[in-house]
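Undergrad: Please find start02.json (JSON, C-alpha atoms) on the next line:
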```
[["chain", "number", "residue", "atom", "x", "y", "z"],
["A", 1, "MET", "CA", -3.16, -5.44, -16.25],
["A", 2, "ALA", "CA", -1.68, -5.82, -19.73],
["A", 3, "ASN", "CA", -1.01, -2.06, -19.89],
["A", 4, "LEU", "CA", 0.65, -1.78, -16.49],
["A", 5, "HIS", "CA", 2.88, 1.24, -16.02],
["A", 6, "VAL", "CA", 4.15, 3.22, -13.05],
["A", 7, "HIS", "CA", 3.48, 6.81, -11.94],
["A", 8, "VAL", "CA", 5.34, 8.59, -9.17],
["A", 9, "LEU", "CA", 3.19, 11.28, -7.60],
["A", 10, "SER", "CA", 2.84, 13.30, -4.45],
["A", 11, "PRO", "CA", -0.40, 13.16, -2.48],
["A", 12, "ASP", "CA", -1.25, 16.86, -3.02],
["A", 13, "ARG", "CA", -2.17, 16.35, -6.70],
["A", 14, "VAL", "CA", -1.27, 19.95, -7.57],
["A", 15, "SER", "CA", 0.19, 19.92, -11.07],
["A", 16, "ASP", "CA", -0.32, 21.60, -14.43],
["A", 17, "ALA", "CA", -0.24, 18.08, -15.89],
["A", 18, "LEU", "CA", -3.45, 17.12, -14.03],
["A", 19, "LYS", "CA", -6.08, 18.40, -16.46],
["A", 20, "SER", "CA", -9.48, 16.74, -15.98],
["A", 21, "ARG", "CA", -11.91, 14.90, -13.72],
["A", 22, "LYS", "CA", -10.97, 11.63, -15.38],
["A", 23, "HIS", "CA", -7.27, 12.27, -14.81],
["A", 24, "TYR", "CA", -7.80, 13.29, -11.17],
["A", 25, "ASN", "CA", -10.00, 10.25, -10.49],
["A", 26, "SER", "CA", -7.42, 7.95, -12.05],
["A", 27, "PHE", "CA", -5.16, 8.82, -9.10],
["A", 28, "SER", "CA", -7.82, 9.35, -6.40],
["A", 29, "THR", "CA", -10.03, 6.26, -6.65],
["A", 30, "PRO", "CA", -9.41, 2.51, -6.51],
["A", 31, "PHE", "CA", -8.59, 2.80, -10.24],
["A", 32, "PHE", "CA", -5.09, 3.72, -9.00],
["A", 33, "VAL", "CA", -3.37, 0.61, -7.67],
["A", 34, "PRO", "CA", -0.46, 1.32, -5.30],
["A", 35, "LEU", "CA", 2.69, -0.62, -6.07],
["A", 36, "ALA", "CA", 2.51, -2.27, -2.65],
["A", 37, "ASP", "CA", -0.83, -3.89, -3.64],
["A", 38, "LEU", "CA", 0.67, -5.78, -6.57],
["A", 39, "PRO", "CA", 0.20, -8.45, -7.64],
["A", 40, "LEU", "CA", -3.58, -8.21, -7.43],
["A", 41, "ALA", "CA", -5.54, -11.27, -6.40],
["A", 42, "ALA", "CA", -7.48, -12.98, -9.18],
["A", 43, "ASP", "CA", -10.80, -11.77, -7.70],
["A", 44, "ASP", "CA", -9.69, -8.19, -6.90],
["A", 45, "GLU", "CA", -12.22, -5.70, -8.35],
["A", 46, "ARG", "CA", -9.39, -3.41, -9.45],
["A", 47, "ARG", "CA", -8.56, -5.87, -12.24],
["A", 48, "TRP", "CA", -11.65, -4.54, -14.12],
["A", 49, "PRO", "CA", -11.54, -0.77, -13.53],
["A", 50, "GLY", "CA", -13.97, 0.15, -16.32],
["A", 51, "LYS", "CA", -16.69, -1.97, -14.76],
["A", 52, "HIS", "CA", -16.90, 0.28, -11.68],
["A", 53, "GLY", "CA", -17.00, 3.72, -13.31],
["A", 54, "TRP", "CA", -14.26, 5.14, -11.10],
["A", 55, "LEU", "CA", -13.04, 7.60, -13.72],
["A", 56, "LYS", "CA", -16.51, 9.16, -14.05],
["A", 57, "ALA", "CA", -17.18, 9.22, -10.30],
["A", 58, "GLU", "CA", -17.70, 12.43, -8.36],
["A", 59, "MET", "CA", -14.46, 14.13, -7.44],
["A", 60, "ARG", "CA", -13.50, 14.17, -3.77],
["A", 61, "CYS", "CA", -10.64, 16.10, -2.25],
["A", 62, "TRP", "CA", -7.76, 13.82, -1.28],
["A", 63, "ARG", "CA", -7.29, 15.73, 1.99],
["A", 64, "CYS", "CA", -10.68, 16.82, 3.36],
["A", 65, "GLY", "CA", -12.99, 14.46, 1.44],
["A", 66, "LYS", "CA", -15.19, 17.32, 0.20],
["A", 67, "LYS", "CA", -17.26, 16.54, -2.91],
["A", 68, "MET", "CA", -16.49, 18.84, -5.78],
["A", 69, "GLU", "CA", -19.60, 18.98, -7.94],
["A", 70, "ASP", "CA", -18.95, 22.35, -9.55],
["A", 71, "GLY", "CA", -16.40, 21.21, -12.09],
["A", 72, "TRP", "CA", -12.73, 20.78, -12.66],
["A", 73, "ARG", "CA", -11.70, 24.44, -12.29],
["A", 74, "LYS", "CA", -13.18, 24.65, -8.81],
["A", 75, "MET", "CA", -11.45, 21.42, -7.89],
["A", 76, "LYS", "CA", -8.09, 22.75, -9.11],
["A", 77, "GLY", "CA", -8.57, 25.87, -6.97],
["A", 78, "HIS", "CA", -9.57, 23.79, -3.97],
["A", 79, "LEU", "CA", -6.53, 21.54, -4.37],
["A", 80, "GLU", "CA", -4.23, 24.56, -4.43],
["A", 81, "GLU", "CA", -5.84, 25.89, -1.22],
["A", 82, "GLU", "CA", -5.49, 22.49, 0.45],
["A", 83, "PHE", "CA", -1.85, 22.32, -0.66],
["A", 84, "GLU", "CA", -1.09, 25.68, 0.97],
["A", 85, "GLU", "CA", -2.76, 24.54, 4.21],
["A", 86, "TRP", "CA", -0.95, 21.18, 4.10],
["A", 87, "LYS", "CA", 2.44, 22.92, 3.75],
["A", 88, "LYS", "CA", 1.78, 24.82, 6.99],
["A", 89, "VAL", "CA", 1.49, 21.63, 9.04]]
```
As structure tokens, how would this structure be written, given the file I've shared?
TA:
Amino acid sequence: MANLHVHVLSPDRVSDALKSRKHYNSFSTPFFVPLADLPLAADDERRWPGKHGWLKAEMRCWRCGKKMEDGWRKMKGHLEEEFEEWKKV
């Protein structure tokens, strides 16, 4: 937690700044600690994020939960489709 910093993001994750699996997973797995969860308990697994491999995990859509095994470009396209559907609701 020595390098704690804050990000403000929307749940859709559609952004030109989001550029890789690692970056997506940093906001879509337990690696990302919501502000409301701080401070973390001494035994909380999120204190040791590298130990769990969250950044290298398979990508899953934030909305539908679909696994995206075909790479980052397909995930970006899928996120844009989900965003358009989400806006309709």
Undergrad: Would you mind listing what lies within 12 Å of His78 in chain A as a PyMOL selection string, with only C-alpha atoms counted and same-chain residues fewer than 4 positions away left out?
TA: chain A and resi 12-14+59-74+82-85
Undergrad: Using all atoms listed in the file, find the one residue out of A:His5, A:Trp54, A:Asp44, A:Pro39 that sits nearest to Ser26 in chain A.
TA: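 Looking only at the distances to Ser26 in chain A, the closest residue turns out to be A:Trp54.
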Undergrad: Write out as an mmCIF file with C-alpha atoms, keeping the file's coordinate frame the residues lying within 10 Å of His23 in chain A, counting all atoms listed in the file and excluding same-chain residues fewer than 5 positions away.
TA:
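Now in around.cif:
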```cif
data_model
loop_
_atom_site.group_PDB
_atom_site.id
_atom_site.type_symbol
_atom_site.label_atom_id
_atom_site.label_comp_id
_atom_site.auth_asym_id
_atom_site.auth_seq_id
_atom_site.Cartn_x
_atom_site.Cartn_y
_atom_site.Cartn_z
ATOM 1 C CA ALA A 17 -0.240 18.080 -15.890
ATOM 2 C CA LEU A 18 -3.450 17.120 -14.030
ATOM 3 C CA SER A 28 -7.820 9.350 -6.400
ATOM 4 C CA LEU A 55 -13.040 7.600 -13.720
ATOM 5 C CA LYS A 56 -16.510 9.160 -14.050
#
```
Undergrad: What gap, in Å, lies between CA of Glu80 in chain A and CA of Asp16 in chain A?
TA: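 That distance, rounded to one decimal, is 11.1 Å.
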Undergrad: Which one of A:Gly53, A:Gly77, A:Asp43, A:Trp48 sits closest to Thr29 in chain A if you count only C-alpha atoms?
TA: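 Comparing A:Gly53, A:Gly77, A:Asp43, A:Trp48 against Thr29 in chain A, the winner is A:Gly53.
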